[in-house]
Amino acid sequence: MNLWFRLIKALFMAMLRKPAQPFDTTVVKMRVWPNDLDLNLHVNNGRYFTMADVGRIDYILRSGVGKVALKHRALPIVAEATAKFRKELRLFERFEIHSRLVGWDDKWSYMEHRFVHKGRVAGVVFMRGFFKGAQGAIKPEDLAEYLGVPSMSPLLPEWVTIWAESCDSLTESIRLEESIAATQEQPAYASH
């Protein structure tokens with residue numbers, strides 16, 4: 001339930017805050033609540049991904065991406081995400097989520113969400129995704145054009161390229177397993 005309150009608050013606050021440019025970093029302020037905690041009494045690993053969604057919604061609404069998505073009746077789809085945890089966030093601590101568009105390739109847009117507490121990065125959620133509309137996926141360069149920014153992405157960091165290749169490799173591995181399982185008429189996961 002806490003997510004819904006945070007989401008509604010982010011939607012409302014995004015309407016009141018000044019618009020952002022596509023390459024701006026947007027900031028959402030939050031506090032750690034009891035239902036964010038795990039048995040170690042710090043923010044649960046999975047909760048970071050959920051809170052990153054709130055930061056992403058704020059970015060989408062304030063950067064103009066939301067208007068483009070609405071025009072194309074498109075919804076944001078997260079395909080892969082990874083996280084790095086550096087410092088615990090504990091009960092009632094205040095923190096900020098700094099969200100920014102890192103860049104894109106021919107299929108995916110890449111976003112970073114930094115969880116900042118007292119000037120230090122407590123954790124990072126990094127994701128890639130796309131907008132899916134009635135006519136299929138909106139190409140990232142088309143989205144950039146609609147937003148009035150160059151259609152050529154900023155250079156992606158090397159680690160992002162390596163991570164993306166790893167994600168693609170995992171996808172191909174799953175497809176291969178499913179293909180083999182289909183010929184053997186058994187679930188792909190049965191042999192694992």
# chains A, B, ... in the order shown; residues from 1 in each chain; ligands from 1

$ select_by_dssp --residues "range 30-169 of chain A" --states "strand (DSSP E)" --output "PyMOL selection string"
chain A and resi 30-31+75-85+94-104+109-117+120-133+136-138

$ residues_around --residues "Arg47 in chain A" --least-positions-apart "6" --cutoff "12 Å" --atoms "only C-alpha atoms" --output "PyMOL selection string"
chain A and resi 2-3+32-38+53-54+83+85+89+115+123+125

$ closest_residue --among "A:Ile8, A:Thr183, A:Glu88, A:Asp24" --to "Asn45 in chain A" --atoms "only C-alpha atoms"
A:Glu88

$ closest_residue --among "A:Ala74, A:Met15, A:Val102, A:Val27" --to "Ser153 in chain A" --atoms "only C-alpha atoms"
A:Val102

$ atom_distance --atom1 "CA of Gly129 in chain A" --atom2 "CA of Ser109 in chain A"
5.5 Å

$ residues_around --residues "Gly136 in chain A" --least-positions-apart "2" --cutoff "12 Å" --atoms "only C-alpha atoms" --output "PyMOL selection string"
chain A and resi 69+72-77+107+130-134+138-139

$ residues_around --residues "Val65 in chain A" --least-positions-apart "2" --cutoff "12 Å" --atoms "only C-alpha atoms" --output "ChimeraX atom specification"
/A:19-23,56-63,67-76,101,109,130-131,138,140,142-149

$ atom_distance --atom1 "CA of Cys167 in chain A" --atom2 "CA of Gly46 in chain A"
19.2 Å

$ residues_around --residues "range 154-165 of chain A" --least-positions-apart "2" --cutoff "9 Å" --atoms "only C-alpha atoms" --output "MDAnalysis selection string"
chainID A and resid 80 102:105 110 128 152 167:170

$ atom_distance --atom1 "CA of Ala181 in chain A" --atom2 "CA of Met127 in chain A"
29.5 Å

$ select_by_dssp --residues "range 19-138 of chain A" --states "alpha helix (DSSP H)" --output "ChimeraX atom specification"
/A:45-63,65-71

$ write_last_selection --atoms "C-alpha atoms" --output "JSON list (two decimals), in the first residue's frame"
[["chain", "number", "residue", "atom", "x", "y", "z"],
["A", 45, "ASN", "CA", 16.62, -5.26, -1.65],
["A", 46, "GLY", "CA", 13.44, -5.58, -3.72],
["A", 47, "ARG", "CA", 12.07, -2.31, -2.37],
["A", 48, "TYR", "CA", 14.82, -0.39, -4.19],
["A", 49, "PHE", "CA", 13.36, -1.52, -7.52],
["A", 50, "THR", "CA", 9.87, -0.46, -6.43],
["A", 51, "MET", "CA", 11.06, 2.96, -5.27],
["A", 52, "ALA", "CA", 13.04, 3.39, -8.51],
["A", 53, "ASP", "CA", 9.67, 3.09, -10.30],
["A", 54, "VAL", "CA", 8.50, 6.18, -8.39],
["A", 55, "GLY", "CA", 11.63, 8.08, -9.42],
["A", 56, "ARG", "CA", 11.13, 6.98, -13.02],
["A", 57, "ILE", "CA", 7.51, 8.18, -13.05],
["A", 58, "ASP", "CA", 8.63, 11.59, -11.78],
["A", 59, "TYR", "CA", 11.27, 11.74, -14.53],
["A", 60, "ILE", "CA", 8.82, 10.62, -17.25],
["A", 61, "LEU", "CA", 6.22, 13.21, -16.28],
["A", 62, "ARG", "CA", 8.59, 16.14, -15.82],
["A", 63, "SER", "CA", 10.87, 15.52, -18.83],
["A", 65, "VAL", "CA", 8.49, 11.79, -22.13],
["A", 66, "GLY", "CA", 5.04, 11.25, -20.62],
["A", 67, "LYS", "CA", 3.40, 13.57, -23.17],
["A", 68, "VAL", "CA", 5.04, 11.68, -26.04],
["A", 69, "ALA", "CA", 3.97, 8.35, -24.53],
["A", 70, "LEU", "CA", 0.41, 9.60, -24.10],
["A", 71, "LYS", "CA", 0.30, 10.83, -27.70]]

$ closest_residue --among "A:Glu185, A:Glu96, A:Glu178, A:Asp106" --to "Ala122 in chain A" --atoms "only C-alpha atoms"
A:Glu96

$ closest_residue --among "A:Val78, A:Lys87, A:Phe95, A:His42" --to "Trp108 in chain A" --atoms "only C-alpha atoms"
A:Val78

$ closest_residue --among "A:Glu172, A:Glu141, A:Glu177, A:Glu112" --to "Thr25 in chain A" --atoms "only C-alpha atoms"
A:Glu112

$ decode --residues "range 67-112 of chain A" --atoms "N, CA and C atoms" --output "short mmCIF file (atom, residue, chain, number, x, y, z; two decimals), in the first residue's frame"
data_model
loop_
_atom_site.label_atom_id
_atom_site.label_comp_id
_atom_site.auth_asym_id
_atom_site.auth_seq_id
_atom_site.Cartn_x
_atom_site.Cartn_y
_atom_site.Cartn_z
N LYS A 67 4.28 13.00 -22.13
CA LYS A 67 3.40 13.57 -23.17
C LYS A 67 3.56 12.81 -24.49
N VAL A 68 4.80 12.46 -24.81
CA VAL A 68 5.04 11.68 -26.04
C VAL A 68 4.40 10.31 -25.91
N ALA A 69 4.56 9.68 -24.75
CA ALA A 69 3.97 8.35 -24.53
C ALA A 69 2.45 8.42 -24.64
N LEU A 70 1.86 9.45 -24.06
CA LEU A 70 0.41 9.60 -24.10
C LEU A 70 -0.07 9.79 -25.54
N LYS A 71 0.65 10.59 -26.30
CA LYS A 71 0.30 10.83 -27.70
C LYS A 71 0.30 9.54 -28.51
N HIS A 72 1.22 8.63 -28.19
CA HIS A 72 1.34 7.36 -28.91
C HIS A 72 0.65 6.21 -28.17
N ARG A 73 -0.09 6.55 -27.13
CA ARG A 73 -0.76 5.54 -26.30
C ARG A 73 0.22 4.44 -25.92
N ALA A 74 1.38 4.86 -25.43
CA ALA A 74 2.46 3.93 -25.09
C ALA A 74 2.68 3.87 -23.59
N LEU A 75 3.08 2.71 -23.13
CA LEU A 75 3.37 2.49 -21.73
C LEU A 75 4.84 2.12 -21.56
N PRO A 76 5.46 2.56 -20.44
CA PRO A 76 6.86 2.18 -20.21
C PRO A 76 6.96 0.72 -19.79
N ILE A 77 7.91 0.03 -20.38
CA ILE A 77 8.17 -1.37 -20.07
C ILE A 77 9.62 -1.50 -19.62
N VAL A 78 9.83 -2.06 -18.44
CA VAL A 78 11.19 -2.35 -17.97
C VAL A 78 11.50 -3.78 -18.36
N ALA A 79 12.59 -3.99 -19.09
CA ALA A 79 12.96 -5.33 -19.54
C ALA A 79 13.99 -5.96 -18.61
N GLU A 80 14.97 -5.20 -18.18
CA GLU A 80 16.01 -5.69 -17.28
C GLU A 80 16.36 -4.60 -16.29
N ALA A 81 16.77 -5.04 -15.12
CA ALA A 81 17.23 -4.10 -14.10
C ALA A 81 18.26 -4.79 -13.23
N THR A 82 19.19 -4.02 -12.74
CA THR A 82 20.21 -4.52 -11.82
C THR A 82 20.39 -3.49 -10.72
N ALA A 83 20.95 -3.92 -9.61
CA ALA A 83 21.13 -3.01 -8.49
C ALA A 83 22.51 -3.20 -7.86
N LYS A 84 22.99 -2.13 -7.29
CA LYS A 84 24.23 -2.12 -6.52
C LYS A 84 23.89 -1.50 -5.17
N PHE A 85 24.16 -2.23 -4.09
CA PHE A 85 23.87 -1.73 -2.74
C PHE A 85 25.19 -1.38 -2.07
N ARG A 86 25.27 -0.14 -1.55
CA ARG A 86 26.53 0.34 -0.98
C ARG A 86 26.44 0.68 0.50
N LYS A 87 25.29 1.17 0.92
CA LYS A 87 25.14 1.65 2.29
C LYS A 87 23.70 1.40 2.71
N GLU A 88 23.51 0.98 3.95
CA GLU A 88 22.17 0.69 4.43
C GLU A 88 21.33 1.96 4.55
N LEU A 89 20.06 1.82 4.25
CA LEU A 89 19.08 2.85 4.56
C LEU A 89 18.23 2.28 5.68
N ARG A 90 18.15 2.98 6.80
CA ARG A 90 17.48 2.48 8.00
C ARG A 90 16.19 3.24 8.27
N LEU A 91 15.42 2.71 9.20
CA LEU A 91 14.10 3.23 9.54
C LEU A 91 14.11 4.75 9.77
N PHE A 92 13.18 5.41 9.12
CA PHE A 92 12.91 6.85 9.21
C PHE A 92 14.00 7.74 8.60
N GLU A 93 15.05 7.16 8.03
CA GLU A 93 16.06 7.99 7.38
C GLU A 93 15.47 8.61 6.11
N ARG A 94 15.86 9.86 5.87
CA ARG A 94 15.47 10.54 4.64
C ARG A 94 16.52 10.25 3.57
N PHE A 95 16.06 10.15 2.34
CA PHE A 95 16.97 9.93 1.22
C PHE A 95 16.33 10.51 -0.03
N GLU A 96 17.10 10.57 -1.09
CA GLU A 96 16.61 11.08 -2.37
C GLU A 96 16.89 10.04 -3.45
N ILE A 97 16.02 10.02 -4.45
CA ILE A 97 16.27 9.20 -5.64
C ILE A 97 16.57 10.16 -6.78
N HIS A 98 17.78 10.07 -7.30
CA HIS A 98 18.23 10.89 -8.42
C HIS A 98 18.11 10.05 -9.68
N SER A 99 17.20 10.41 -10.58
CA SER A 99 16.94 9.63 -11.79
C SER A 99 17.42 10.39 -13.01
N ARG A 100 18.06 9.64 -13.92
CA ARG A 100 18.53 10.29 -15.14
C ARG A 100 18.57 9.29 -16.29
N LEU A 101 18.36 9.82 -17.46
CA LEU A 101 18.52 9.06 -18.70
C LEU A 101 20.00 9.02 -19.04
N VAL A 102 20.54 7.83 -19.18
CA VAL A 102 21.96 7.68 -19.49
C VAL A 102 22.19 7.70 -21.00
N GLY A 103 21.26 7.08 -21.73
CA GLY A 103 21.38 7.04 -23.19
C GLY A 103 20.53 5.92 -23.74
N TRP A 104 20.80 5.56 -25.00
CA TRP A 104 20.00 4.53 -25.65
C TRP A 104 20.82 3.88 -26.76
N ASP A 105 20.30 2.74 -27.20
CA ASP A 105 20.86 2.09 -28.39
C ASP A 105 19.71 1.95 -29.39
N ASP A 106 19.81 1.04 -30.33
CA ASP A 106 18.77 0.94 -31.36
C ASP A 106 17.45 0.39 -30.83
N LYS A 107 17.44 -0.21 -29.64
CA LYS A 107 16.22 -0.80 -29.10
C LYS A 107 15.84 -0.29 -27.72
N TRP A 108 16.84 -0.05 -26.86
CA TRP A 108 16.60 0.20 -25.45
C TRP A 108 16.99 1.61 -25.01
N SER A 109 16.27 2.10 -24.00
CA SER A 109 16.68 3.31 -23.28
C SER A 109 17.23 2.85 -21.93
N TYR A 110 18.27 3.54 -21.46
CA TYR A 110 18.95 3.16 -20.21
C TYR A 110 18.79 4.27 -19.18
N MET A 111 18.33 3.89 -17.99
CA MET A 111 18.13 4.87 -16.91
C MET A 111 18.84 4.43 -15.65
N GLU A 112 19.28 5.43 -14.92
CA GLU A 112 19.94 5.21 -13.64
C GLU A 112 19.14 5.89 -12.53
#
